[in-house]
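In what follows, a structure is listed as structure tokens, so that the remarks can point back to it.
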Amino acid sequence: MNQSTIQLNAPRQSAERHQRVLWSLWIAVMLLAAIGLASIFSATTGNIALTRGQLVYFIIGMVLAMVINFVDYRDFSRWAYPIYGFSLLLLILVLIPGIGVKVNGARRWLDFGIVQFQPSELAKLTMILLLSFFLSRPNLDLRSGRTFFTCLGIIGLTFVIILKEPDLGSSIVLFPVGMAIMFIAGIPTRFLLKFIGAVALLIILLVVEVLYMPSKFQFIKLEEYQKRRLKVFFHVDYAPRNASPEEKRRLEREQFNDSYNVNQAMISVGSGGLFGQGWRRGTQIELGYLPNAVAHNDFIFSVIAEEQGFLGSMVILTLYGTLLFSGIRVAGQARDRLGKLLAIGITTLWFSQIFINIGMNVGLTPVTGLPLPLLSHGGSAGISVWIAAGVLQNIYAYRRNY
Amino acid sequence: MAERVTDQSSDRKLLIMAGLMFLGLLILSIGLWRVQIVNADLYTERKDEQYHVTVRIPAVRGKILDSQGLPLADNRTSFTLNLYLEELRELYQDEYGPVKQATLDRIQAQEGRLRGLTSAERAQINRDARFNVMDRLLRQMSEIMGEELSISRREFENHYNQKLSMPLAVMTDISLSHATRFFETTEIPPGFDIDEQPMRKYPFGNLASQTIGHMTRISGHRKDTTLSTKYQLPDFEGSTGLEKYFEEELKGKPGVMNVTVNYLGYRTDSRISTEPTPGSNIHLTIDADIQRVAQEALEDAMPNTRGAAVVMEPSNGNLLALASVPGFDPNDFVPAISTPLWQKYNDPIEKTFRNRCTSERYQPGSVFKIVVAMALLEDPDFDPDQLIETSKVFRRGHGSGLINIKDTAPAGSYNLVDAFKKSSNYYFVETGLRLGREKMVEMADLFGFDDRTSLPIMQGASGILPTDEYIEKHSTYGWTLGRTANLSIGQGEIDVTPLHIAQMMACIANRGKIPKPRLVSSIQAQGKGPESGRVWEFPPQSLGYFPFKDRTIDYLNRALLADVVDRDGTGHLANVPGMSIGGKTGTAVSTQRRTTWFASLAPVEAPRFVVVVMVEDGDSGGRTCAPVAASIYREIQRKFYNSNQLLRHNILTSSNDGNSGTPSNRYP
């Protein structure tokens with residue numbers, strides 16, 4: 001309490017900073033990162049190079065998280081527009097053939113020679129920054145439709161560009177993140193509910209159209225593989241009823257191939273049972289049924305679930321819970337609306353990715369290429385989690401006083 | 001500048017967010033619980049299903065042993081040169097690059113520019129790379145084995161697509177010298193190995209071949225219904241004879257091998273989950289020595305003999321030999337019979353596969369006079385010593401009722417014994433007509449001529465007797481005296497198998513008791529199972545008993561003995577000093593063929609053996625069949641009447657089996 005009196009009267013730059021570490025967050029992050037490294041090692045059947053690479057990303061992320069804490073979040077937030085603009089530029093660069101690197105039909109990477117960089121990971125964070133900054137302007141009328149639609153415009157622009165890559169998973173998480181920020185910022189709930197209702201309706205229409213309409217009558221053009229992922233999730237046959245037998249056989253084989261990953265992931269998770277098969281004892285990896293290409297990134301959770309069982313899965317969920325509630329705690333204690341919105345945006349982003357990714361491994365959500373924070377292999381995603389955690393620490397360090 | 005957030009609604013909203021996230025984690029927990037705990041078994045099962053391929057392993061087949069324990073059907077080790085495809089995966093990958101380059105070069109040459117490969121082209125490159133690797137290794141192996149090995153692209157593709165986890169058999173049933181070459185070569189190309197497998201062999205070649213039968217390969221399309229295995233190793237099943245009849249007992253219980261396969265279908269591990277239980281051994285009453293002698297004597301009887309010989313012990317019905325020539329070599333069916341050989345064996349006249357002892361019907365001819373004689377002797381009013389004047393031709397009646405039968409015996413006055421040993425047709429037609437059809441049929445029926453031979457060899461036949469039912473069924477113009485006359489000398493509406501005649505002789509030897517012919521004495525379970533060592537006995541059985549008068553048997557024995565011992569007896573060539581053989585010759589002539597017979601028992605005083613010989617289209621019973629019987633009796637004498645009964649080298653050294661080495665090694 002003594003401290004707080006000082007802070008109230010003291011100039012901001014000199015005394016407001018608390019020399020406090022948000023231990024719950026960092027313990028969860030460290031443990032998850034360690035588990036992530038061990039799991040990547042196991043998922044790649046002991047590929048030390050990939051694991052070492054991920055460790056390097058984590059160290060880079062850790063350094064960046066520290067660097068961020070030398071600057072007050074309110075200072076770098078003023079750069080929100082240029083930062084966001086820069087990330088949009090990168091996103092657009094990715095779309096240009098010859099600059100963006102195409103992997104599995106999607107252009108998501110920028111090649112910088114030694115490292116490849118995924119601008120969509122950066123864009124998620126910069127959009128959070130921009131929305132939070134925009135909604136924390138002092139003279140803003142939060143109740144006006146104009147503010148609401150400006151926010152929707154920011155979300156929509158980011159969404160469309162990322163969708164173009166195409167990266168449906170990363171673009172879709174922008175909506176819950178944006179909604180959460182607007183909700184906490186004080187945008188009238190009726191706006192949000194109306195919007196959510198409209199989106200829900202649109203999604204239902206879209207799903208019905210994709211699943212049950214012949215493709216020539218569809219006016220929403222989804223990528224073929226996105227349509228197929230939906231069909232796989234809803235167990236709808238690829239083959240139309242009037243398909244010729246060989247066409248039917250071909251489509252059935254393709255459907256088997258397309259649902260192969262998620263089927264194998266569920267076999268991995270299910271066969272883990274209560275206690276699991278033990279680290280590096282997962283047969284799905286050893287015999288290659290869980291494809292090498294996805295085991296260490298999109299489907300890392302199924303590797304953990306097979307090897308550590310239900311108990312291990314619960315440990316992971318508990319750590320994520322700790323991570324998320326640390327984020328909400330930071331939001332609750334943030335000095336200003338900017339901090340609160342930043343914190344809630346980051347937390348919601350993490351939550352959405354966790355829910356969609358783990359949900360995909362147990363058949364609750366469709367397959368989307370969303371990484372699992374700190375567990376999935378990947379440089380851009382790995383570093384971005386550390387940066388986001390650094391931002392949370394920053395907000396916590398400048399939190400308000402009681 | 002910094003705006004304080006102090007409103008209560010914002011904290012409430014944060015609580016809502018926290019609640020939503022908690023709910024999300026809860027939903028994930030429930031999802032995990034459902035998959036990992038509730039449905040864990042289901043997913044574990046699906047895992048096992050995709051990991052494991054089950055393979056049926058045939059059991060070692062039971063042996064068929066003769067009465068002395070010599071194996072008539074045995075097993076040998078067969079070597080198969082296998083190629084394990086999973087060991088070639090790295091080589092495929094090495095090969096992929098060059099093949100891809102060749103394809104790109106070709107595209108450039110054809111289309112004038114480079115372009116990306118279609119998925120079909122990539123698949124083709126993969127197929128080509130795999131085939132090239134296999135083909136190259138096969139060529140290396142050909143050099144090592146000194147023999148051209150080749151597998152067609154189609155064969156290889158089929159194997160690759162359908163049973164990748166199974167080794168590809170490159171060379172089956174290879175010789176020991178090839179196997180030695182393989183094991184002595186230090187630089188064996190990768191992926192090759194030699195696997196052992198038991199294979200049927202018949203150490204004595206064609207010995208009792210129709211009785212033992214042969215095997216055929218079970219075709220790949222037939223599924224084993226007792227085990228739900230996906231693949232089976234090459235297996236055989238009995239298709240004729242004892243091999244077929246006792247298939248269940250002989251084949252044992254197949255085992256199961258679990259092969260673990262990776263996601264591409266390559267084998268990563270294999271483990272036998274159920275050991276096969278070997279099949280049971282079948283012990284026969286057949287004596288390999290006597291069988292061998294009977295077959296050889298038949299073969300020597302005339303050029304290209306088609307005939308049969310049955311040797312039986314009347315006391316228990318044990319069949320010591322069931323010889324039928326020509327025979328076949330059941331080894332020819334393992335692993336598969338060649339087409340020319342198959343055609344040769346199926347010759348419509350040779351009838352190699354037919355067991356002439358039990359399944360071919362013949363006219364008994366004069367051998368039937370035994371039946372007539374017994375029917376006569378059973379009639380108390382018949383005087384066997386009464387002389388009957390005979391002439392060269394028996395002629396009676398006129399017109400359509402004319403009976404005209406030539407006699408091979410010289411004209412003169414005969415009593416029963418003389419008429420029997422000279423086989424006087426006149427005498428037996430005369431007495432047979434007095435006796436009548438019913439009496440003769442009744443006696444023949446007593447010996448079981450009308451019943452089907454019932455040995456467990458999948459080949460049997462009943463005889464033909466002119467019973468009332470038979471006449472009603474087959475003869476539209478009724479029975480005539482001429483037919484009775486013909487029946488009296490064993491011709492016309494009368495057919496028997498050699499085994500029927502042996503049954504009759506055994507009945508006489510036993511003074512009325514008819515033993516059931518016995519081929520299998522016991523079945524003995526093998527292996528380590530609970531049934532191990534268990535023995536199922538097949539005790540001797542009787543087909544019936546008829547209390548003949550002593551006079552009947554005594555007179556008949558006198559007549560039988562006279563036929564062989566007396567110099568003017570028709571069966572004198574069967575005489576073996578010291579054996580006291582009694583017999584009857586027969587030569588039946590019909591429009592189709594000439595059947596010559598010799599039916600006998602010995603020693604007449606207390607018969608222990610019955611020998612029946614039949615030769616198709618022989619010269620006469622006395623000249624063709626009696627010498628065969630003599631050879632058999634000499635062997636019987638050597639084996640059962642010599643002081644040293646253990647001399648078995650005869651059969652062991654006369655074995656012409658090619659691939660078993662010398663059997664004497666096995667029976668020191």
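As shown in the structure tokens, the chain order sets the letters A, B, ...; within each chain, residues go from 1, and ligands are also counted from 1 in the order they appear.
Residues of chain A lying within 6 Å of chain B, counting only C-alpha atoms, are A:Ile267, A:Gly270, A:Ser271, A:Gly273, A:Leu287, A:Gly288, A:Tyr289, A:Phe310, A:Asp336, A:Arg337.
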*Within 10 Å of Gly378 (chain A), counting only C-alpha atoms, which residues show up once you throw out same-chain ones fewer than 4 positions away? Write them as a ChimeraX atom specification, please.*
/A:50,53-54,57-58,116-118,296-298,371-374,382-383
*Compile the contact shell of Arg361 (chain B) as number ranges by chain: residues with an atom at most 6 Å away, counting only C-alpha atoms, same-chain residues fewer than 5 positions apart removed.*
B: 495-497
*Near region 529-544 of chain B, counting only C-alpha atoms, which residues have an atom at most 10 Å away, once you skip same-chain residues fewer than 4 positions from it, shown as a ChimeraX atom specification?*
/B:276-278,280-283,315-318,446-448,503,507,512-525
*Between A:Ala388, A:Val208, A:Ala397, A:Leu131, single out the one closest to Ile346 (chain A), counting only C-alpha atoms.*
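Residue with the minimum atom-to-atom distance to Ile346 (chain A): A:Ala388.
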*Can you list, as a PyMOL selection string, every residue of region 555-645 of chain B that DSSP puts in strand (DSSP E)?*
chain B and resi 582-589+594-602+609-616
May I have the residues from that selection written out with C-alpha atoms, as a CSV table (one decimal), in the first residue's frame?
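Result saved to part-v8.csv:
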chain,number,residue,atom,x,y,z
B,582,GLY,CA,-5.1,-124.1,-50.7
B,583,GLY,CA,-6.4,-122.2,-53.6
B,584,LYS,CA,-8.7,-121.9,-56.6
B,585,THR,CA,-7.9,-120.5,-60.0
B,586,GLY,CA,-10.3,-118.6,-62.2
B,587,THR,CA,-10.5,-117.2,-65.7
B,588,ALA,CA,-13.6,-115.3,-66.6
B,589,VAL,CA,-14.1,-114.4,-70.2
B,594,ARG,CA,-10.6,-111.6,-69.6
B,595,THR,CA,-10.2,-111.7,-65.9
B,596,THR,CA,-7.8,-114.2,-64.3
B,597,TRP,CA,-7.8,-115.1,-60.6
B,598,PHE,CA,-6.2,-117.0,-57.9
B,599,ALA,CA,-7.9,-117.1,-54.5
B,600,SER,CA,-6.1,-118.9,-51.7
B,601,LEU,CA,-5.5,-119.4,-48.0
B,602,ALA,CA,-2.6,-121.0,-46.1
B,609,PHE,CA,-3.1,-115.9,-44.4
B,610,VAL,CA,-5.4,-115.2,-47.3
B,611,VAL,CA,-3.9,-114.2,-50.7
B,612,VAL,CA,-6.1,-113.2,-53.6
B,613,VAL,CA,-4.6,-112.2,-56.9
B,614,MET,CA,-6.4,-110.8,-59.9
B,615,VAL,CA,-4.9,-109.9,-63.3
B,616,GLU,CA,-6.8,-108.2,-66.1
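Residues in contact range of Leu55 (chain A), defined as at most 10 Å between only C-alpha atoms, with sequence neighbours fewer than 3 positions away removed, read Ala33, Ala34, Gly36, Leu37, Ala49, Leu50, Thr51, Arg52, Phe58, Ile59, Ile60, Gly61, His377, Gly379 and Gly382 of chain A.
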*When DSSP works through the backbone of this structure, what residues of region 95-230 of chain A end up as alpha helix (DSSP H), shown as a ChimeraX atom specification?*
/A:95,119-135,145-164,168-172,174-185,189-212,224-230
_Coordinates-based distance that separates CA of Phe640 (chain B) from CA of Val417 (chain B) (Å, one decimal)_ =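 Between CA of Val417 (chain B) and CA of Phe640 (chain B) the gap works out to 29.8 Å.
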*Determine, counting only C-alpha atoms, which protein, DNA and RNA residues have an atom within 12 Å of an atom of Ala43 (chain A); residues of the same chain fewer than 3 positions away are not included. Present the result as a ChimeraX atom specification.*
/A:35-40,46-48,50-51,268,279-307,375-377
For the residues selected in the previous step, produce a file with C-alpha atoms as a compact mmCIF listing (two decimals), in the first residue's frame.
# COMPACT_ATOMS: atom_id res chain seq x y z
CA ILE A 35 6.96 -30.67 -22.74
CA GLY A 36 6.78 -29.29 -26.27
CA LEU A 37 10.46 -29.97 -26.87
CA ALA A 38 10.23 -33.50 -25.47
CA SER A 39 7.16 -34.21 -27.59
CA ILE A 40 8.70 -32.89 -30.77
CA GLY A 46 14.24 -38.69 -32.13
CA ASN A 47 15.11 -36.01 -34.68
CA ILE A 48 17.45 -33.92 -32.55
CA LEU A 50 14.20 -30.30 -35.29
CA THR A 51 14.07 -30.28 -31.51
CA SER A 268 -3.44 -42.30 -31.12
CA TRP A 279 7.51 -41.27 -23.79
CA ARG A 280 8.90 -42.38 -27.14
CA ARG A 281 6.86 -45.55 -26.93
CA GLY A 282 4.01 -44.37 -29.13
CA THR A 283 3.54 -46.96 -31.85
CA GLN A 284 1.55 -44.63 -34.07
CA ILE A 285 4.74 -42.65 -34.57
CA GLU A 286 7.08 -45.61 -34.59
CA LEU A 287 5.16 -47.43 -37.32
CA GLY A 288 4.42 -44.21 -39.17
CA TYR A 289 0.63 -44.40 -39.07
CA LEU A 290 0.48 -40.84 -37.75
CA PRO A 291 2.15 -39.12 -40.69
CA ASN A 292 5.58 -37.68 -39.97
CA ALA A 293 4.66 -34.46 -41.72
CA VAL A 294 1.98 -33.50 -39.22
CA ALA A 295 2.88 -35.42 -36.07
CA HIS A 296 5.19 -32.77 -34.71
CA ASN A 297 3.09 -29.73 -35.56
CA ASP A 298 -0.67 -29.84 -36.12
CA PHE A 299 -1.11 -33.20 -34.42
CA ILE A 300 1.46 -32.94 -31.63
CA PHE A 301 -1.31 -33.32 -29.08
CA SER A 302 -2.18 -36.79 -30.28
CA VAL A 303 1.45 -37.81 -29.78
CA ILE A 304 1.35 -36.55 -26.19
CA ALA A 305 -2.04 -38.14 -25.59
CA GLU A 306 -0.88 -41.52 -26.89
CA GLU A 307 2.30 -41.47 -24.87
CA LEU A 375 3.72 -27.58 -28.14
CA SER A 376 3.53 -27.57 -31.94
CA HIS A 377 6.77 -27.32 -33.83
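Counting only C-alpha atoms, the residue from A:Ser313, A:Asn69, A:Thr189, A:Ser24 that sits nearest to Gly272 (chain A) is A:Ser313.
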